[in-house]
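J.: One structure, as structure tokens, below. Some questions next.
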Amino acid sequence: MPAINWKEKAAALLHDPVFKAFDIKSHESLANELCSIAGVPNIRGQEDIVGSSLDRIPLPNELYGRQIRVGMNELKYFIHPISGEKITVLEQELYSKIADENSQKKHTEELKNKIKMIREQNTDDEKFYHALWWELGYLTDFVGFMPADTRVPNHSIIDHLEITAALQSCKKGDQIDAALVMFAIGPVQELIAQARKTVDLWAGSYLLSYLTYKAIEFIGINYGFDNIIYPYLRGNAFVYRTLQRLGVTLFTEPLMDEKIASIPNVFLAIVPAWEAKKVINMCEEVVKKSWEELATDVL
């Protein structure tokens with residue numbers, strides 16, 4: 001399997017502080033401090049550049065003109081990525097709590113302490129990466145609302161950090177060579193049609209969810225769970241059990257009961273282009289093996 005540099009993947013999750021919007025001018029200094037606490041290098045490679053181009057639109061004239069900057073105090077709303085409408089409710093519910101400098105310093109110190117705690121409980125680089133990815137969305141109550149770019153506030157900093165870390169798994173030398181892989185199990189309707197009782201409907205859905213997750217798990221363990229673009233996995237009970245089995249120390253429990261069929265029958269992932277076919281074949285093998293194991297246990 002691929003030789004993933006887990007330390008550099010963790011660094012990709014920290015290359016921009018989740019509170020970058022607090023102080024855009026000096027955010028790199030904070031990133032350097034966080035990387036030092038985590039014991040990872042503070043690096044910015046092609047994964048950051050390519051990731052930025054994937055999750056935001058290019059700004060006009062910035063290449064040859066002066067850099068455009070928008071401070072957090074100027075950001076009074078989010079823009080809905082589909083409708084384009086301004087969502088102003090966040091001004092009262094969120095920004096009023098973090099607008100002053102003292103509040104920002106308090107949350108920044110809390111961030112440092114939590115990263116330190118995660119690292120102390122996960123000294124192995126691979127385990128630390130998995131723990132950091134899982135806890136990234138829970139470092140504060142509002143971290144998911146922090147924009148990646150205050151100039152184009154239609155995606156969160158978590159989105160940008162995850163896509164950057166995913167692309168880090170797809171580096172060949174200094175360049176990114178990534179591929180999108182879609183994997184599906186079906187046909188769904190034929191499986192559902194076999195149901196005779198209400199519990200059969202649940203069992204069929206859960207079976208599809210479980211088998212699809214086994215393929216997701218293969219990619220998550222070998223490349224990182226941030227390489228799964230769809231579905232959203234943070235807080236998922238399947239992932240939680242996998243990470244626990246790997247010996248990763250986590251501080252946040254899953255949001256949903258593990259009896260819920262929380263995984264659809266299809267997923268989308270970013271993988272190294274030169275390994276795409278191999279990944280697809282391995283996912284097929286994992287699903288077939290898991291199905292055979294279930295059938296053997298039942299019979």
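FYI, nothing fancy with the structure tokens labels: chains A, B, ... in order, residues from 1 per chain, ligands from 1 as they appear.
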Enumerate as a VMD selection string all residues of region 131-242 of chain A assigned to alpha helix (DSSP H) by DSSP on the backbone, naming them with the chain letters and numbers the document uses.
T.: chain A and resid 131 to 135 157 to 168 188 to 193 198 to 222 237 to 242
J.: List the spatial neighbours of Ile219 (chain A) as a list in words - criterion: any atom at most 10 Å away, only C-alpha atoms, same-chain residues fewer than 4 positions off excluded.
T.: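 So, after excluding close chain neighbours, the residues are Tyr213, Lys214, Ala215, Tyr223, Gly224, Phe225, Asp226, Asn227, Ile228, Ala269, Ile270, Val271, Val279, Ile280, Met282 and Cys283 of chain A.
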J.: Output N, CA and C atoms for every residue in that selection, as a PDB file, in the first residue's frame.
T.:
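result-v5.pdb was written with the following content:
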ATOM      1  N   TYR A 213     -19.354   1.230   3.488  1.00  0.00           N
ATOM      2  CA  TYR A 213     -18.367   1.770   4.424  1.00  0.00           C
ATOM      3  C   TYR A 213     -17.081   0.959   4.419  1.00  0.00           C
ATOM      4  N   LYS A 214     -17.160  -0.346   4.222  1.00  0.00           N
ATOM      5  CA  LYS A 214     -15.941  -1.156   4.218  1.00  0.00           C
ATOM      6  C   LYS A 214     -14.991  -0.701   3.110  1.00  0.00           C
ATOM      7  N   ALA A 215     -15.551  -0.276   1.970  1.00  0.00           N
ATOM      8  CA  ALA A 215     -14.715   0.272   0.895  1.00  0.00           C
ATOM      9  C   ALA A 215     -14.175   1.638   1.293  1.00  0.00           C
ATOM     10  N   TYR A 223      -5.242   6.212   2.974  1.00  0.00           N
ATOM     11  CA  TYR A 223      -4.964   7.545   2.434  1.00  0.00           C
ATOM     12  C   TYR A 223      -5.407   8.668   3.367  1.00  0.00           C
ATOM     13  N   GLY A 224      -6.376   8.386   4.216  1.00  0.00           N
ATOM     14  CA  GLY A 224      -6.926   9.408   5.100  1.00  0.00           C
ATOM     15  C   GLY A 224      -8.402   9.603   4.822  1.00  0.00           C
ATOM     16  N   PHE A 225      -9.189   9.791   5.864  1.00  0.00           N
ATOM     17  CA  PHE A 225     -10.631   9.946   5.678  1.00  0.00           C
ATOM     18  C   PHE A 225     -10.989  11.277   5.032  1.00  0.00           C
ATOM     19  N   ASP A 226     -10.060  12.236   5.012  1.00  0.00           N
ATOM     20  CA  ASP A 226     -10.346  13.479   4.299  1.00  0.00           C
ATOM     21  C   ASP A 226     -10.318  13.264   2.790  1.00  0.00           C
ATOM     22  N   ASN A 227      -9.827  12.119   2.327  1.00  0.00           N
ATOM     23  CA  ASN A 227      -9.843  11.826   0.896  1.00  0.00           C
ATOM     24  C   ASN A 227     -11.220  11.405   0.407  1.00  0.00           C
ATOM     25  N   ILE A 228     -12.161  11.206   1.329  1.00  0.00           N
ATOM     26  CA  ILE A 228     -13.546  10.925   0.950  1.00  0.00           C
ATOM     27  C   ILE A 228     -14.279  12.261   0.819  1.00  0.00           C
ATOM     28  N   ALA A 269     -14.277   9.841  -3.933  1.00  0.00           N
ATOM     29  CA  ALA A 269     -12.995   9.992  -3.244  1.00  0.00           C
ATOM     30  C   ALA A 269     -11.931  10.580  -4.159  1.00  0.00           C
ATOM     31  N   ILE A 270     -10.940  11.225  -3.539  1.00  0.00           N
ATOM     32  CA  ILE A 270      -9.744  11.685  -4.243  1.00  0.00           C
ATOM     33  C   ILE A 270      -8.616  10.712  -3.925  1.00  0.00           C
ATOM     34  N   VAL A 271      -8.011  10.162  -4.974  1.00  0.00           N
ATOM     35  CA  VAL A 271      -6.903   9.220  -4.785  1.00  0.00           C
ATOM     36  C   VAL A 271      -5.792   9.566  -5.773  1.00  0.00           C
ATOM     37  N   VAL A 279      -7.014   1.083  -6.550  1.00  0.00           N
ATOM     38  CA  VAL A 279      -7.906   1.408  -5.433  1.00  0.00           C
ATOM     39  C   VAL A 279      -9.303   0.863  -5.694  1.00  0.00           C
ATOM     40  N   ILE A 280      -9.796   1.051  -6.916  1.00  0.00           N
ATOM     41  CA  ILE A 280     -11.130   0.552  -7.266  1.00  0.00           C
ATOM     42  C   ILE A 280     -11.183  -0.969  -7.113  1.00  0.00           C
ATOM     43  N   MET A 282      -9.288  -2.876  -5.248  1.00  0.00           N
ATOM     44  CA  MET A 282      -9.184  -3.240  -3.838  1.00  0.00           C
ATOM     45  C   MET A 282     -10.505  -3.004  -3.114  1.00  0.00           C
ATOM     46  N   CYS A 283     -11.200  -1.922  -3.462  1.00  0.00           N
ATOM     47  CA  CYS A 283     -12.509  -1.648  -2.851  1.00  0.00           C
ATOM     48  C   CYS A 283     -13.495  -2.758  -3.190  1.00  0.00           C
TER      49      CYS A 283
END
J.: Of the residues A:Glu47, A:Glu293, A:Glu217, A:Glu33, which is the one nearest to Ala12 (chain A), using only C-alpha atoms?
T.: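 Looking only at the distances to Ala12 (chain A), the closest residue turns out to be A:Glu47.
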J.: Would you please extract all strand (DSSP E) residues from region 27-187 of chain A, as assigned by DSSP on the backbone, and give them as number ranges by chain?
T.: A: 78-79, 86-87, 171-172, 175-176, 178-184
J.: Given the selection you just returned, output its residues as a file containing C-alpha atoms, formatted as a short mmCIF file (atom, residue, chain, number, x, y, z; two decimals), in the first residue's frame.
T.:
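Writing done, so here's selection_38.cif:
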data_model
loop_
_atom_site.label_atom_id
_atom_site.label_comp_id
_atom_site.auth_asym_id
_atom_site.auth_seq_id
_atom_site.Cartn_x
_atom_site.Cartn_y
_atom_site.Cartn_z
CA PHE A 78 -22.24 34.48 4.57
CA ILE A 79 -23.18 34.10 0.92
CA LYS A 86 -26.77 36.94 2.09
CA ILE A 87 -27.22 35.04 5.37
CA LYS A 171 1.71 14.13 -4.52
CA LYS A 172 4.21 12.73 -6.95
CA GLN A 175 3.35 17.96 -8.12
CA ILE A 176 -0.26 16.91 -7.56
CA ALA A 178 -5.02 13.25 -8.32
CA ALA A 179 -8.07 11.43 -9.63
CA LEU A 180 -11.72 11.40 -8.61
CA VAL A 181 -13.09 7.92 -7.97
CA MET A 182 -16.77 7.08 -7.61
CA PHE A 183 -17.77 3.73 -6.13
CA ALA A 184 -21.33 2.42 -5.87
#
J.: Which residue out of A:Ala237, A:Val286, A:Ala165, A:Ile192 has the minimum interatomic distance to Ile216 (chain A) when only C-alpha atoms are used?
T.: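 Among the listed residues, A:Val286 lies closest to Ile216 (chain A).
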J.: Excluding Asn113 (chain A) and any residue of its chain fewer than 3 positions from it, enumerate the residues within 12 Å of it, using only C-alpha atoms, and give them as a list in words.
T.: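 Near neighbours after the sequence-gap exclusion: Glu33, Leu34, Ile37, Ala38, Lys106, His107, Thr108, Glu109, Glu110, Lys116, Met117, Ile118, Arg119, Glu120, Leu139 and Thr140 of chain A.
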J.: Might you pull out every residue within 10 Å of Val40 (chain A), with only C-alpha atoms counted and same-chain residues fewer than 5 positions away left off, and present them as a list in words?
T.: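 The contact residues come out as Trp6, Lys7, Glu8, Lys9, Ala10, Ala11, Ala12, Leu14, Asn32, Leu34, Cys35 and Asp125 of chain A.
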J.: Export C-alpha atoms of the chosen residues as a PDB file, in the first residue's frame?
T.:
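Printed below is selection_33.pdb as written:
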ATOM      1  CA  TRP A   6       1.138  11.181   7.889  1.00  0.00           C
ATOM      2  CA  LYS A   7       3.145  13.967   9.482  1.00  0.00           C
ATOM      3  CA  GLU A   8       2.826  16.069   6.325  1.00  0.00           C
ATOM      4  CA  LYS A   9      -0.886  15.264   6.075  1.00  0.00           C
ATOM      5  CA  ALA A  10      -1.313  16.547   9.633  1.00  0.00           C
ATOM      6  CA  ALA A  11       0.700  19.612   8.637  1.00  0.00           C
ATOM      7  CA  ALA A  12      -1.744  20.188   5.766  1.00  0.00           C
ATOM      8  CA  LEU A  14      -2.720  22.979  10.209  1.00  0.00           C
ATOM      9  CA  ASN A  32       3.899  28.073  12.558  1.00  0.00           C
ATOM     10  CA  LEU A  34       0.432  25.387  15.926  1.00  0.00           C
ATOM     11  CA  CYS A  35       2.680  23.176  13.795  1.00  0.00           C
ATOM     12  CA  ASP A 125       2.129  10.435  13.602  1.00  0.00           C
TER      13      ASP A 125
END
J.: Pick the closest to Arg245 (chain A) from A:Pro153, A:Lys127, A:Leu54, A:Ser169: which is it, counting only C-alpha atoms?
T.: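 Selected residue with least distance to Arg245 (chain A): A:Lys127.
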J.: Name the residues in contact with Asp55 (chain A) at a cut-off of 8 Å, using only C-alpha atoms, excluding same-chain residues fewer than 6 positions from it; report them as number ranges by chain.
T.: A: 155, 159-160
J.: Out of A:Phe218, A:Arg196, A:Trp274, A:Leu243, which residue has the shortest atom-to-atom distance to Ser290 (chain A) when counting only C-alpha atoms?
T.: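 Ranked by minimum distance to Ser290 (chain A), first place goes to A:Phe218.
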J.: If we count only C-alpha atoms and set the cut-off at 10 Å, which residues sit around Tyr138 (chain A), ignoring sequence neighbours fewer than 3 positions away in its own chain? Please answer as a ChimeraX atom specification.
T.: /A:114,132-135,141-144,234-235,251-252
J.: Let me see the file: selected residues, C-alpha atoms, as a PDB file, in the first residue's frame.
T.:
ATOM      1  CA  LYS A 114      -6.589  21.300  22.406  1.00  0.00           C
ATOM      2  CA  LEU A 132      -6.635  15.747  14.442  1.00  0.00           C
ATOM      3  CA  TRP A 133      -8.881  15.189  11.422  1.00  0.00           C
ATOM      4  CA  TRP A 134     -11.701  13.857  13.617  1.00  0.00           C
ATOM      5  CA  GLU A 135     -11.459  16.641  16.201  1.00  0.00           C
ATOM      6  CA  ASP A 141     -18.364  25.588  19.027  1.00  0.00           C
ATOM      7  CA  PHE A 142     -18.270  27.722  15.878  1.00  0.00           C
ATOM      8  CA  VAL A 143     -15.177  26.559  13.994  1.00  0.00           C
ATOM      9  CA  GLY A 144     -17.320  25.189  11.163  1.00  0.00           C
ATOM     10  CA  ARG A 234     -16.739  13.395  10.612  1.00  0.00           C
ATOM     11  CA  GLY A 235     -18.963  12.372  13.513  1.00  0.00           C
ATOM     12  CA  PHE A 251     -12.270  13.164  22.621  1.00  0.00           C
ATOM     13  CA  THR A 252     -15.555  13.623  20.751  1.00  0.00           C
TER      14      THR A 252
END
J.: What's the 10 Å shell around Asp149 (chain A), counting only C-alpha atoms, without same-chain residues fewer than 6 positions away, as a list in words?
T.: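 That gives Lys20, Ala21, Ile24, Ser52, Asp55, Arg56, Arg69, Val70, Gly71, Met72, His155, Ser156, Ile157 and His160 of chain A.
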J.: Kindly indicate which residue among A:Glu85, A:Glu253, A:Glu190, A:Glu101 lies nearest to Ala131 (chain A), using only C-alpha atoms for the distances.
T.: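 For Ala131 (chain A), the nearest of the candidates is A:Glu253.
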